[in-house]
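Participant: Below you'll find entry-v1.cif; it's mmCIF, N, CA and C atoms.
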data_data
#
loop_
_atom_site.label_atom_id
_atom_site.label_comp_id
_atom_site.auth_asym_id
_atom_site.auth_seq_id
_atom_site.Cartn_x
_atom_site.Cartn_y
_atom_site.Cartn_z
N MET G 26 39.57 121.52 135.62
CA MET G 26 40.81 120.85 135.34
C MET G 26 41.97 121.82 135.50
N ASN G 27 42.99 121.25 135.99
CA ASN G 27 44.18 122.05 136.21
C ASN G 27 45.21 121.69 135.14
N THR G 28 45.52 122.58 134.24
CA THR G 28 46.50 122.32 133.19
C THR G 28 47.77 123.07 133.52
N ALA G 29 48.87 122.37 133.42
CA ALA G 29 50.16 122.98 133.73
C ALA G 29 50.79 123.46 132.43
N GLN G 30 51.34 124.61 132.51
CA GLN G 30 52.03 125.19 131.37
C GLN G 30 53.52 124.84 131.49
N ILE G 31 54.10 124.34 130.41
CA ILE G 31 55.53 124.03 130.40
C ILE G 31 56.22 125.15 129.63
N THR G 32 57.11 125.81 130.29
CA THR G 32 57.88 126.87 129.65
C THR G 32 59.36 126.52 129.73
N LEU G 33 60.08 126.89 128.72
CA LEU G 33 61.52 126.63 128.68
C LEU G 33 62.28 127.93 128.87
N ASP G 34 63.20 127.91 129.78
CA ASP G 34 64.10 129.03 129.95
C ASP G 34 65.14 128.98 128.83
N PRO G 35 65.77 130.09 128.50
CA PRO G 35 66.85 130.05 127.49
C PRO G 35 67.97 129.12 127.90
N ALA G 36 68.23 128.98 129.19
CA ALA G 36 69.28 128.06 129.64
C ALA G 36 68.87 126.61 129.39
N ASP G 37 67.57 126.31 129.56
CA ASP G 37 67.09 124.95 129.31
C ASP G 37 67.09 124.64 127.81
N ALA G 38 66.82 125.62 126.98
CA ALA G 38 66.80 125.40 125.53
C ALA G 38 68.19 125.07 125.02
N ALA G 39 69.22 125.62 125.65
CA ALA G 39 70.59 125.33 125.23
C ALA G 39 70.98 123.90 125.56
N ARG G 40 70.34 123.33 126.56
CA ARG G 40 70.67 121.95 126.95
C ARG G 40 70.02 120.91 126.05
N LEU G 41 69.04 121.30 125.26
CA LEU G 41 68.42 120.35 124.34
C LEU G 41 69.41 120.05 123.23
N VAL G 42 69.81 118.81 123.15
CA VAL G 42 70.84 118.42 122.20
C VAL G 42 70.22 117.48 121.17
N LYS G 43 70.53 117.76 119.92
CA LYS G 43 70.05 116.89 118.85
C LYS G 43 70.90 115.62 118.81
N PRO G 44 70.37 114.52 118.29
CA PRO G 44 71.19 113.31 118.13
C PRO G 44 72.34 113.58 117.16
N TRP G 45 73.38 112.76 117.21
CA TRP G 45 74.59 113.02 116.42
C TRP G 45 74.32 113.02 114.93
N TYR G 46 73.39 112.21 114.47
CA TYR G 46 73.13 112.13 113.03
C TYR G 46 72.32 113.31 112.52
N ARG G 47 71.82 114.14 113.42
CA ARG G 47 71.12 115.36 113.01
C ARG G 47 72.06 116.56 112.95
N GLU G 48 73.26 116.41 113.44
CA GLU G 48 74.25 117.48 113.41
C GLU G 48 75.01 117.43 112.08
N PRO G 49 75.42 118.57 111.53
CA PRO G 49 76.12 118.54 110.24
C PRO G 49 77.60 118.13 110.34
N TRP G 50 78.26 118.37 111.48
CA TRP G 50 79.70 118.15 111.58
C TRP G 50 80.12 116.69 111.40
N PRO G 51 79.42 115.71 111.96
CA PRO G 51 79.87 114.33 111.69
C PRO G 51 79.83 113.99 110.20
N TRP G 52 78.82 114.48 109.51
CA TRP G 52 78.70 114.17 108.08
C TRP G 52 79.78 114.88 107.28
N ILE G 53 80.12 116.10 107.68
CA ILE G 53 81.19 116.84 106.99
C ILE G 53 82.53 116.14 107.21
N LEU G 54 82.76 115.68 108.43
CA LEU G 54 84.02 115.00 108.73
C LEU G 54 84.10 113.63 108.05
N MET G 55 82.99 112.96 107.85
CA MET G 55 82.99 111.65 107.19
C MET G 55 83.02 111.75 105.67
N ALA G 56 82.76 112.93 105.12
CA ALA G 56 82.70 113.08 103.66
C ALA G 56 84.07 112.88 103.00
N GLY G 57 85.15 113.35 103.63
CA GLY G 57 86.48 113.21 103.04
C GLY G 57 86.92 111.76 102.90
N PRO G 58 86.92 110.98 103.98
CA PRO G 58 87.28 109.56 103.84
C PRO G 58 86.34 108.79 102.90
N PHE G 59 85.07 109.14 102.91
CA PHE G 59 84.14 108.46 102.01
C PHE G 59 84.48 108.76 100.55
N ALA G 60 84.82 110.01 100.24
CA ALA G 60 85.21 110.37 98.87
C ALA G 60 86.49 109.65 98.47
N ALA G 61 87.42 109.49 99.41
CA ALA G 61 88.66 108.76 99.11
C ALA G 61 88.37 107.29 98.82
N MET G 62 87.45 106.70 99.56
CA MET G 62 87.09 105.29 99.31
C MET G 62 86.43 105.13 97.94
N VAL G 63 85.57 106.05 97.57
CA VAL G 63 84.92 105.98 96.26
C VAL G 63 85.96 106.11 95.15
N GLY G 64 86.91 107.04 95.31
CA GLY G 64 87.97 107.19 94.31
C GLY G 64 88.84 105.95 94.22
N CYS G 65 89.09 105.30 95.34
CA CYS G 65 89.88 104.07 95.35
C CYS G 65 89.17 102.96 94.59
N PHE G 66 87.88 102.80 94.85
CA PHE G 66 87.12 101.76 94.14
C PHE G 66 87.05 102.03 92.65
N ILE G 67 86.92 103.29 92.26
CA ILE G 67 86.89 103.63 90.83
C ILE G 67 88.24 103.32 90.19
N THR G 68 89.34 103.63 90.88
CA THR G 68 90.68 103.35 90.37
C THR G 68 90.90 101.85 90.21
N ILE G 69 90.49 101.08 91.19
CA ILE G 69 90.62 99.61 91.10
C ILE G 69 89.79 99.07 89.95
N TYR G 70 88.59 99.60 89.77
CA TYR G 70 87.73 99.16 88.66
C TYR G 70 88.40 99.42 87.32
N PHE G 71 88.93 100.64 87.13
CA PHE G 71 89.60 100.96 85.87
C PHE G 71 90.84 100.09 85.66
N ALA G 72 91.59 99.85 86.71
CA ALA G 72 92.80 99.04 86.59
C ALA G 72 92.47 97.62 86.18
N MET G 73 91.40 97.07 86.71
CA MET G 73 91.04 95.68 86.42
C MET G 73 90.36 95.53 85.06
N THR G 74 89.56 96.49 84.65
CA THR G 74 88.81 96.32 83.41
C THR G 74 89.54 96.83 82.17
N GLN G 75 90.33 97.88 82.29
CA GLN G 75 90.92 98.48 81.09
C GLN G 75 92.39 98.16 80.91
N PHE G 76 93.12 97.91 81.98
CA PHE G 76 94.56 97.76 81.86
C PHE G 76 95.07 96.38 82.27
N ALA G 77 94.20 95.46 82.60
CA ALA G 77 94.62 94.14 83.08
C ALA G 77 95.28 93.32 81.96
N THR G 78 94.84 93.47 80.73
CA THR G 78 95.37 92.68 79.62
C THR G 78 96.37 93.45 78.79
N GLN G 79 96.82 94.57 79.27
CA GLN G 79 97.78 95.38 78.51
C GLN G 79 99.13 94.66 78.48
N PRO G 80 99.70 94.45 77.29
CA PRO G 80 100.96 93.71 77.21
C PRO G 80 102.13 94.52 77.76
N ILE G 81 103.14 93.81 78.20
CA ILE G 81 104.37 94.46 78.65
C ILE G 81 105.12 94.93 77.41
N GLN G 82 105.83 96.02 77.51
CA GLN G 82 106.56 96.57 76.38
C GLN G 82 107.65 95.61 75.92
N GLU G 83 108.05 95.76 74.67
CA GLU G 83 109.10 94.91 74.12
C GLU G 83 110.43 95.21 74.81
N GLY G 84 111.18 94.18 75.12
CA GLY G 84 112.44 94.34 75.80
C GLY G 84 112.31 94.29 77.31
N VAL G 85 111.14 93.91 77.79
CA VAL G 85 110.89 93.86 79.22
C VAL G 85 110.38 92.46 79.56
N VAL G 86 110.88 91.89 80.65
CA VAL G 86 110.49 90.56 81.09
C VAL G 86 109.84 90.67 82.45
N LYS G 87 108.73 89.99 82.63
CA LYS G 87 108.06 89.99 83.92
C LYS G 87 108.27 88.63 84.58
N ARG G 88 108.87 88.64 85.76
CA ARG G 88 109.08 87.41 86.53
C ARG G 88 108.39 87.59 87.87
N GLY G 89 107.22 87.04 88.01
CA GLY G 89 106.44 87.24 89.23
C GLY G 89 105.98 88.68 89.32
N LEU G 90 106.32 89.34 90.39
CA LEU G 90 105.96 90.75 90.54
C LEU G 90 107.06 91.70 90.08
N VAL G 91 108.22 91.13 89.70
CA VAL G 91 109.36 91.94 89.29
C VAL G 91 109.35 92.09 87.77
N ILE G 92 109.53 93.31 87.31
CA ILE G 92 109.63 93.59 85.88
C ILE G 92 111.05 94.06 85.62
N GLU G 93 111.77 93.33 84.75
CA GLU G 93 113.16 93.64 84.46
C GLU G 93 113.33 93.97 82.99
N GLN G 94 114.24 94.88 82.73
CA GLN G 94 114.54 95.24 81.35
C GLN G 94 115.70 94.36 80.87
N THR G 95 115.54 93.74 79.72
CA THR G 95 116.57 92.86 79.18
C THR G 95 117.54 93.67 78.33
N ALA G 96 118.64 93.04 78.00
CA ALA G 96 119.61 93.68 77.11
C ALA G 96 118.96 93.86 75.74
N SER G 97 119.39 94.86 75.02
CA SER G 97 118.72 95.17 73.75
C SER G 97 118.88 94.07 72.71
N GLY G 98 120.01 93.35 72.70
CA GLY G 98 120.22 92.30 71.72
C GLY G 98 119.81 90.92 72.22
N ALA G 99 119.48 90.79 73.49
CA ALA G 99 119.15 89.48 74.07
C ALA G 99 117.73 89.08 73.72
N ALA G 100 117.48 87.80 73.90
CA ALA G 100 116.14 87.27 73.65
C ALA G 100 115.19 87.76 74.75
N ALA G 101 113.91 87.49 74.59
CA ALA G 101 112.91 87.95 75.55
C ALA G 101 113.09 87.30 76.91
N SER G 102 113.56 86.05 76.96
CA SER G 102 113.78 85.39 78.25
C SER G 102 115.19 84.82 78.28
N PRO G 103 116.15 85.53 78.89
CA PRO G 103 117.52 85.04 78.94
C PRO G 103 117.61 83.80 79.82
N ALA G 104 118.64 83.00 79.59
CA ALA G 104 118.81 81.75 80.33
C ALA G 104 119.23 82.06 81.76
N PRO G 105 118.39 81.77 82.76
CA PRO G 105 118.74 82.08 84.14
C PRO G 105 119.78 81.12 84.70
N ALA G 106 119.98 79.93 84.10
CA ALA G 106 120.93 78.95 84.60
C ALA G 106 122.37 79.43 84.41
N ALA G 107 122.65 80.21 83.36
CA ALA G 107 124.00 80.67 83.09
C ALA G 107 124.42 81.72 84.14
N ALA G 108 123.50 82.44 84.68
CA ALA G 108 123.82 83.47 85.66
C ALA G 108 123.96 82.89 87.05
N SER G 109 123.49 81.69 87.27
CA SER G 109 123.52 81.09 88.61
C SER G 109 124.85 80.41 88.85
N PRO G 110 125.59 80.73 89.94
CA PRO G 110 126.87 80.06 90.20
C PRO G 110 126.67 78.60 90.61
N ALA G 111 125.53 78.23 91.13
CA ALA G 111 125.30 76.83 91.52
C ALA G 111 125.16 75.94 90.30
N ALA G 112 124.71 76.47 89.19
CA ALA G 112 124.55 75.68 87.98
C ALA G 112 125.89 75.42 87.32
N ALA G 113 126.91 76.25 87.57
CA ALA G 113 128.21 76.07 86.95
C ALA G 113 129.03 74.98 87.61
N LYS G 114 128.73 74.62 88.87
CA LYS G 114 129.48 73.58 89.59
C LYS G 114 129.10 72.20 89.04
N PRO G 115 130.09 71.29 88.90
CA PRO G 115 129.78 69.94 88.40
C PRO G 115 129.16 69.04 89.45
#
Give the structure from the file, written as structure tokens.
Facilitator:
Amino acid sequence: MNTAQITLDPADAARLVKPWYREPWPWILMAGPFAAMVGCFITIYFAMTQFATQPIQEGVVKRGLVIEQTASGAAASPAPAAASPAAAKP
């Protein structure tokens, strides 16, 4: 029987490339964005579970997404019709 010997030259060994998931650099580069995503999810979890029912401070009115500070002597919800010029017209 004739058996052939396979030998690799140093130049041929350099051409052998590992798949991308076997290299460390893609994983190192993906670690930063992955850590940021984990931190984001943790922050959202804490915001929803611990601070969602926290009351607004006294003297502050929330209208939709806007939070306004009221006058110190005024009631919690001032009359918005008095400030509107369209409401003053007969």
Participant: Can you tell me, as a ChimeraX atom specification, what residues are no more than 6.5 Å from Gln94 of chain G when counting all atoms listed in the file, ignoring any on the same chain fewer than 4 positions away?
Facilitator: /G:84-86
Participant: Suppose you want the space between atom C of Gln82 of chain G and atom CA of Ala96 of chain G; what is it in Å?
Facilitator: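 Distance between the two atoms: 12.2 Å.
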Participant: What does the distance between atom N of Ile92 of chain G and atom C of Phe76 of chain G come to in Å, to one decimal place?
Facilitator: 15.6 Å
Participant: Atom CA of Pro44 of chain G and atom N of Ala60 of chain G, how far apart in Å?
Facilitator: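 Interatomic distance, atom N of Ala60 of chain G to atom CA of Pro44 of chain G: 22.7 Å.
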